[in-house]
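**Q** So here's my_file_28.cif, just mmCIF, C-alpha atoms:
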```cif
data_work
#
loop_
_atom_site.group_PDB
_atom_site.id
_atom_site.type_symbol
_atom_site.label_atom_id
_atom_site.label_comp_id
_atom_site.auth_asym_id
_atom_site.auth_seq_id
_atom_site.Cartn_x
_atom_site.Cartn_y
_atom_site.Cartn_z
ATOM 1 C CA MET A 881 12.095 15.784 -7.480
ATOM 2 C CA TRP A 882 9.414 13.837 -5.592
ATOM 3 C CA THR A 883 11.876 11.111 -4.572
ATOM 4 C CA HIS A 884 14.381 13.748 -3.469
ATOM 5 C CA ALA A 885 11.728 15.400 -1.290
ATOM 6 C CA LEU A 886 10.837 12.072 0.337
ATOM 7 C CA ASN A 887 14.512 11.395 0.980
ATOM 8 C CA GLY A 888 14.767 14.756 2.722
ATOM 9 C CA ILE A 889 11.780 13.947 4.943
ATOM 10 C CA LEU A 890 13.245 10.522 5.716
ATOM 11 C CA SER A 891 16.618 12.004 6.648
ATOM 12 C CA THR A 892 14.949 14.482 9.005
ATOM 13 C CA TYR A 893 12.275 12.365 10.688
ATOM 14 C CA GLY A 894 13.591 8.821 10.210
ATOM 15 C CA TYR A 895 11.325 6.003 11.393
ATOM 16 C CA LEU A 896 8.518 8.402 12.287
ATOM 17 C CA ALA A 897 8.250 9.398 8.614
ATOM 18 C CA VAL A 898 7.805 5.753 7.609
ATOM 19 C CA LEU A 899 5.124 5.188 10.253
ATOM 20 C CA VAL A 900 3.163 8.352 9.408
ATOM 21 C CA PHE A 901 3.345 7.951 5.614
ATOM 22 C CA VAL A 902 2.165 4.339 5.746
ATOM 23 C CA LEU A 903 -0.541 5.211 8.301
ATOM 24 C CA ILE A 904 -1.965 7.998 6.126
ATOM 25 C CA GLU A 905 -1.998 5.850 2.981
ATOM 26 C CA THR A 906 -3.665 2.854 4.628
ATOM 27 C CA SER A 907 -6.322 4.979 6.335
ATOM 28 C CA GLY A 908 -7.727 5.760 2.881
ATOM 29 C CA ILE A 909 -5.888 8.888 1.715
ATOM 30 C CA PRO A 910 -3.717 8.695 -1.436
ATOM 31 C CA PHE A 911 -0.195 9.080 -0.051
ATOM 32 C CA PRO A 912 3.213 7.543 -0.945
ATOM 33 C CA GLY A 913 3.374 5.171 2.023
ATOM 34 C CA GLU A 914 4.787 2.183 0.143
ATOM 35 C CA THR A 915 7.235 4.450 -1.681
ATOM 36 C CA MET A 916 8.495 5.757 1.664
ATOM 37 C CA LEU A 917 8.966 2.192 2.931
ATOM 38 C CA VAL A 918 10.979 1.255 -0.164
ATOM 39 C CA LEU A 919 13.093 4.420 0.065
ATOM 40 C CA ALA A 920 13.737 3.836 3.758
ATOM 41 C CA GLY A 921 14.741 0.234 3.116
ATOM 42 C CA ALA A 922 17.093 1.238 0.299
ATOM 43 C CA PHE A 923 18.503 4.070 2.441
ATOM 44 C CA ALA A 924 19.196 1.620 5.270
ATOM 45 C CA GLY A 925 20.897 -0.789 2.894
ATOM 46 C CA SER A 926 23.061 1.783 1.135
ATOM 47 C CA THR A 927 24.116 3.910 4.121
ATOM 48 C CA HIS A 928 23.501 1.738 7.232
ATOM 49 C CA LYS A 929 22.623 4.963 9.079
ATOM 50 C CA ILE A 930 19.244 3.583 10.097
ATOM 51 C CA SER A 931 18.172 0.068 11.072
ATOM 52 C CA ILE A 932 16.110 -1.971 8.617
ATOM 53 C CA TYR A 933 14.487 -3.715 11.600
ATOM 54 C CA TRP A 934 13.092 -0.433 12.908
ATOM 55 C CA VAL A 935 12.072 0.616 9.389
ATOM 56 C CA ILE A 936 10.025 -2.571 9.024
ATOM 57 C CA SER A 937 8.613 -2.215 12.547
ATOM 58 C CA ALA A 938 7.518 1.363 11.833
ATOM 59 C CA ALA A 939 5.842 0.263 8.597
ATOM 60 C CA ILE A 940 4.001 -2.564 10.366
ATOM 61 C CA ALA A 941 2.775 -0.217 13.111
ATOM 62 C CA GLY A 942 1.643 2.388 10.573
ATOM 63 C CA ALA A 943 -0.122 -0.232 8.469
ATOM 64 C CA ILE A 944 -2.062 -1.758 11.368
ATOM 65 C CA ILE A 945 -3.035 1.584 12.945
ATOM 66 C CA GLY A 946 -3.954 3.174 9.614
ATOM 67 C CA ASP A 947 -6.033 0.222 8.491
ATOM 68 C CA ASN A 948 -7.992 0.182 11.740
ATOM 69 C CA ILE A 949 -8.712 3.902 11.362
ATOM 70 C CA GLY A 950 -9.923 3.268 7.819
ATOM 71 C CA PHE A 951 -12.003 0.294 8.943
ATOM 72 C CA TRP A 952 -13.914 2.259 11.577
ATOM 73 C CA ILE A 953 -14.422 5.208 9.246
ATOM 74 C CA GLY A 954 -15.986 2.754 6.828
ATOM 75 C CA ARG A 955 -18.113 1.195 9.563
ATOM 76 C CA TRP A 956 -19.420 4.617 10.647
ATOM 77 C CA GLY A 957 -20.639 5.807 7.260
ATOM 78 C CA GLY A 958 -17.638 5.576 4.954
ATOM 79 C CA MET A 959 -19.648 4.642 1.868
ATOM 80 C CA ARG A 960 -21.721 7.831 2.092
ATOM 81 C CA LEU A 961 -18.525 9.846 2.499
ATOM 82 C CA LEU A 962 -16.875 8.146 -0.456
ATOM 83 C CA LYS A 963 -19.872 8.658 -2.711
ATOM 84 C CA ARG A 964 -20.095 12.325 -1.795
ATOM 85 C CA TYR A 965 -16.407 13.307 -1.519
ATOM 86 C CA GLY A 966 -14.547 10.452 -3.197
ATOM 87 C CA HIS A 967 -13.847 12.512 -6.301
ATOM 88 C CA ILE A 968 -11.596 14.755 -4.205
ATOM 89 C CA ILE A 969 -9.177 11.854 -3.628
ATOM 90 C CA HIS A 970 -9.825 10.367 -7.093
ATOM 91 C CA VAL A 971 -12.065 7.511 -5.942
ATOM 92 C CA GLN A 972 -14.595 6.715 -8.644
ATOM 93 C CA GLU A 973 -17.683 4.515 -8.300
ATOM 94 C CA GLY A 974 -15.995 1.929 -10.511
ATOM 95 C CA ASP A 975 -13.158 1.663 -7.985
ATOM 96 C CA LEU A 976 -15.646 1.180 -5.149
ATOM 97 C CA LYS A 977 -17.405 -1.566 -7.056
ATOM 98 C CA ILE A 978 -14.089 -3.380 -7.597
ATOM 99 C CA GLY A 979 -13.381 -3.270 -3.878
ATOM 100 C CA LEU A 980 -16.869 -4.472 -2.971
ATOM 101 C CA TYR A 981 -16.676 -7.240 -5.568
ATOM 102 C CA LEU A 982 -13.341 -8.535 -4.263
ATOM 103 C CA PHE A 983 -14.425 -8.426 -0.618
ATOM 104 C CA ASP A 984 -17.766 -10.063 -1.374
ATOM 105 C CA ARG A 985 -16.100 -12.884 -3.312
ATOM 106 C CA TYR A 986 -12.890 -13.571 -1.410
ATOM 107 C CA GLY A 987 -13.591 -12.414 2.171
ATOM 108 C CA SER A 988 -10.721 -12.980 4.607
ATOM 109 C CA SER A 989 -8.285 -13.788 1.794
ATOM 110 C CA ILE A 990 -8.659 -10.331 0.282
ATOM 111 C CA VAL A 991 -8.176 -8.718 3.708
ATOM 112 C CA PHE A 992 -4.838 -10.531 3.907
ATOM 113 C CA LEU A 993 -3.860 -9.744 0.302
ATOM 114 C CA ALA A 994 -5.261 -6.187 0.110
ATOM 115 C CA ARG A 995 -1.882 -4.746 1.092
ATOM 116 C CA TRP A 996 -0.364 -6.112 -2.127
ATOM 117 C CA ILE A 997 -3.016 -4.639 -4.436
ATOM 118 C CA PRO A 998 -2.510 -0.897 -5.129
ATOM 119 C CA LEU A 999 -6.234 -0.087 -5.241
ATOM 120 C CA LEU A 1000 -7.027 -1.933 -2.015
ATOM 121 C CA ARG A 1001 -3.915 -0.867 -0.122
ATOM 122 C CA MET A 1002 -5.489 2.561 0.307
ATOM 123 C CA TRP A 1003 -9.193 1.754 0.452
ATOM 124 C CA GLY A 1004 -9.315 -1.915 1.443
ATOM 125 C CA ALA A 1005 -9.784 -1.291 5.164
ATOM 126 C CA LEU A 1006 -12.406 1.375 4.545
ATOM 127 C CA LEU A 1007 -14.332 -0.936 2.216
ATOM 128 C CA ALA A 1008 -14.113 -3.767 4.763
ATOM 129 C CA GLY A 1009 -15.744 -1.454 7.282
ATOM 130 C CA CYS A 1010 -18.399 -0.426 4.780
ATOM 131 C CA MET A 1011 -19.275 -4.094 4.246
ATOM 132 C CA ARG A 1012 -19.613 -4.659 8.010
ATOM 133 C CA PHE A 1013 -16.762 -7.163 7.942
ATOM 134 C CA ASP A 1014 -16.167 -8.881 11.307
ATOM 135 C CA TRP A 1015 -13.598 -6.699 13.093
ATOM 136 C CA LYS A 1016 -11.768 -9.540 14.879
ATOM 137 C CA ARG A 1017 -11.245 -11.417 11.606
ATOM 138 C CA PHE A 1018 -10.223 -8.173 9.947
ATOM 139 C CA LEU A 1019 -7.705 -7.407 12.704
ATOM 140 C CA LEU A 1020 -6.080 -10.853 12.425
ATOM 141 C CA PHE A 1021 -5.813 -11.171 8.655
ATOM 142 C CA ASN A 1022 -4.981 -7.512 8.166
ATOM 143 C CA ALA A 1023 -2.146 -7.664 10.705
ATOM 144 C CA LEU A 1024 -0.729 -10.800 9.069
ATOM 145 C CA GLY A 1025 -0.900 -9.148 5.661
ATOM 146 C CA GLY A 1026 0.703 -5.941 6.940
ATOM 147 C CA ILE A 1027 3.578 -7.844 8.548
ATOM 148 C CA GLY A 1028 4.249 -9.868 5.392
ATOM 149 C CA TRP A 1029 4.057 -6.762 3.182
ATOM 150 C CA ALA A 1030 6.417 -4.688 5.340
ATOM 151 C CA VAL A 1031 8.953 -7.495 5.726
ATOM 152 C CA PHE A 1032 8.962 -8.292 1.997
ATOM 153 C CA TYR A 1033 9.234 -4.750 0.618
ATOM 154 C CA GLY A 1034 11.532 -3.517 3.371
ATOM 155 C CA THR A 1035 13.927 -6.444 3.015
ATOM 156 C CA MET A 1036 13.981 -6.343 -0.793
ATOM 157 C CA ALA A 1037 14.660 -2.601 -0.765
ATOM 158 C CA TYR A 1038 17.375 -3.058 1.847
ATOM 159 C CA PHE A 1039 19.274 -5.635 -0.208
ATOM 160 C CA PHE A 1040 18.798 -3.576 -3.364
ATOM 161 C CA GLY A 1041 20.249 -0.512 -1.619
ATOM 162 C CA ASP A 1042 23.176 -2.570 -0.358
ATOM 163 C CA MET A 1043 23.770 -3.920 -3.862
ATOM 164 C CA LEU A 1044 23.774 -0.436 -5.396
ATOM 165 C CA LYS A 1045 26.344 0.627 -2.825
ATOM 166 C CA ARG A 1046 28.681 -2.188 -3.844
ATOM 167 C CA VAL A 1047 28.471 -1.949 -7.625
ATOM 168 C CA GLU A 1048 29.945 0.781 -9.809
ATOM 169 C CA GLY A 1049 29.892 2.009 -13.385
ATOM 170 C CA ARG A 1050 28.020 -0.159 -15.867
ATOM 171 C CA SER A 1051 26.939 -2.617 -13.185
ATOM 172 C CA PHE A 1052 25.196 0.183 -11.319
ATOM 173 C CA PHE A 1053 23.208 1.291 -14.352
ATOM 174 C CA ALA A 1054 22.404 -2.330 -15.263
ATOM 175 C CA ALA A 1055 20.980 -2.933 -11.773
ATOM 176 C CA LEU A 1056 19.058 0.331 -11.855
ATOM 177 C CA GLY A 1057 17.700 -0.482 -15.322
ATOM 178 C CA LEU A 1058 16.552 -3.907 -14.146
ATOM 179 C CA ALA A 1059 14.741 -2.347 -11.188
ATOM 180 C CA VAL A 1060 12.935 0.120 -13.475
ATOM 181 C CA CYS A 1061 11.920 -2.692 -15.841
ATOM 182 C CA LEU A 1062 10.463 -4.704 -12.951
ATOM 183 C CA VAL A 1063 8.458 -1.704 -11.740
ATOM 184 C CA VAL A 1064 7.049 -1.117 -15.243
ATOM 185 C CA PHE A 1065 6.263 -4.832 -15.646
ATOM 186 C CA PHE A 1066 4.284 -5.028 -12.411
ATOM 187 C CA PHE A 1067 2.500 -1.760 -13.244
ATOM 188 C CA ILE A 1068 1.317 -3.184 -16.586
ATOM 189 C CA ILE A 1069 0.130 -6.404 -14.929
ATOM 190 C CA GLU A 1070 -1.759 -4.420 -12.279
ATOM 191 C CA ARG A 1071 -3.486 -2.235 -14.874
ATOM 192 C CA ARG A 1072 -4.644 -5.291 -16.836
ATOM 193 C CA LYS A 1073 -6.031 -6.905 -13.690
ATOM 194 C CA HIS A 1074 -7.725 -3.633 -12.777
ATOM 195 C CA GLU A 1075 -9.627 -3.555 -16.070
ATOM 196 C CA ALA A 1076 -10.662 -7.210 -15.723
ATOM 197 C CA TRP A 1077 -11.881 -6.643 -12.169
ATOM 198 C CA LYS A 1078 -13.749 -3.527 -13.266
ATOM 199 C CA GLN A 1079 -15.770 -5.481 -15.814
ATOM 200 C CA LYS A 1080 -16.606 -8.269 -13.340
ATOM 201 C CA ALA A 1081 -17.523 -5.761 -10.636
ATOM 202 C CA GLN A 1082 -19.887 -3.945 -12.995
ATOM 203 C CA GLN A 1083 -21.612 -7.236 -13.785
ATOM 204 C CA ALA A 1084 -21.937 -8.015 -10.056
ATOM 205 C CA PHE A 1085 -23.153 -4.496 -9.156
ATOM 206 C CA PRO A 1086 -24.906 -3.137 -12.282
ATOM 207 C CA GLU A 1087 -26.970 -0.572 -10.354
ATOM 208 C CA PRO A 1088 -25.515 2.665 -8.906
ATOM 209 C CA LEU A 1089 -24.179 2.154 -5.383
#
```
Just dump the structure as structure tokens.
**A**
Amino acid sequence: MWTHALNGILSTYGYLAVLVFVLIETSGIPFPGETMLVLAGAFAGSTHKISIYWVISAAIAGAIIGDNIGFWIGRWGGMRLLKRYGHIIHVQEGDLKIGLYLFDRYGSSIVFLARWIPLLRMWGALLAGCMRFDWKRFLLFNALGGIGWAVFYGTMAYFFGDMLKRVEGRSFFAALGLAVCLVVFFFIIERRKHEAWKQKAQQAFPEPL
């Protein structure tokens, strides 16, 4: 039902939907931005009614704009807001400590890679602002990460959509089953890493934030 609703929004608003969904997610609000990018890429590959180049461009623009909004919210008092209202968007103190731990330890590298980590894709920019990260370095590494993320996911979804269009019968269900297995596999890996990071972050920040 959720995927069908997103498809309806995509069909109506096209590239604007990709830009807005990604922008909202990366500014720090839980929203299916990456899901919209994948759906748009698959839609472009299976129907060729929209251009994958413009899909990727819209995702890049949304990622960069949204992350900069999140960064400046964090710089102007985001930690106080998260501590007071974070429960509304399901942000717990343990999640904040993970973000702070990763930024404190890996710096520019985590700004570049934050887009690929579910927890930091939403709150990475906001946490970078909270930690008073240098904005020029943030802008550079964040833009590079956003471009790589959009190109990778958009292109993979595009070719997957094109493949599903070409195959039929058992081949279709085999391809779909493989895709589901990959999603589950990466979800399990992410959850295990999340728990490991949570323990290390608690050791690094044992006191309440």
**Q** To one decimal place, how far is atom CA of Trp1003 of chain A from atom CA of Leu976 of chain A in Å?
**A**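 For atom CA of Trp1003 of chain A relative to atom CA of Leu976 of chain A, the distance reads 8.6 Å.
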**Q** Mind checking which residues fall within 9 Å of Gly1009 of chain A, counting all atoms listed in the file, ignoring those fewer than 3 positions away in the same chain, and posting them as a ChimeraX atom specification?
**A** /A:950-958,1004-1006,1012-1015
**Q** Would you kindly translate the PyMOL selection byres ((chain A and resi 920-931) around 6) into the concrete residues it picks from this file, as a ChimeraX atom specification?
**A** /A:916-919,932-934,1034,1037-1039,1041-1042,1045
**Q** For Gly894 of chain A, find every residue with an atom within 9 Å (counting only C-alpha atoms), except residues of its own chain fewer than 3 positions away, and show them as an NGL selection string.
**A** :A and (889-891 or 897-898 or 920 or 930 or 935)
**Q** Nearest to Trp1029 of chain A among A:Arg985, A:Lys1080, A:Arg995, A:Lys977, with distances taken over only C-alpha atoms: which residue is it?
**A** A:Arg995
**Q** So what do you get for atom CA of Arg960 of chain A versus atom CA of Ile990 of chain A, distance-wise?
**A**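 Computed distance, atom CA of Arg960 of chain A to atom CA of Ile990 of chain A, equals 22.4 Å.
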**Q** Using only C-alpha atoms, which of A:Ala1008, A:Met959, A:Thr1035, A:Arg964 sits nearest Leu982 of chain A?
**A**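 Residue with the minimum atom-to-atom distance to Leu982 of chain A: A:Ala1008.
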**Q** Using the chain letters and numbers from the file, give me the residues hit by the PyMOL selection byres ((chain A and resi 996) around 12), as a list in words.
**A**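 Applying the expression gives Thr906, Glu914, Ser989, Ile990, Val991, Phe992, Leu993, Ala994, Arg995, Ile997, Pro998, Leu999, Leu1000, Arg1001, Met1002, Gly1004, Asn1022, Gly1025, Gly1026, Ile1027, Gly1028, Trp1029, Ala1030, Phe1032, Tyr1033, Phe1066 and Glu1070 of chain A.
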**Q** Atom CA of Leu1019 of chain A and atom CA of Pro912 of chain A are how many Å apart?
**A**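 Atom CA of Pro912 of chain A lies 23.0 Å from atom CA of Leu1019 of chain A.
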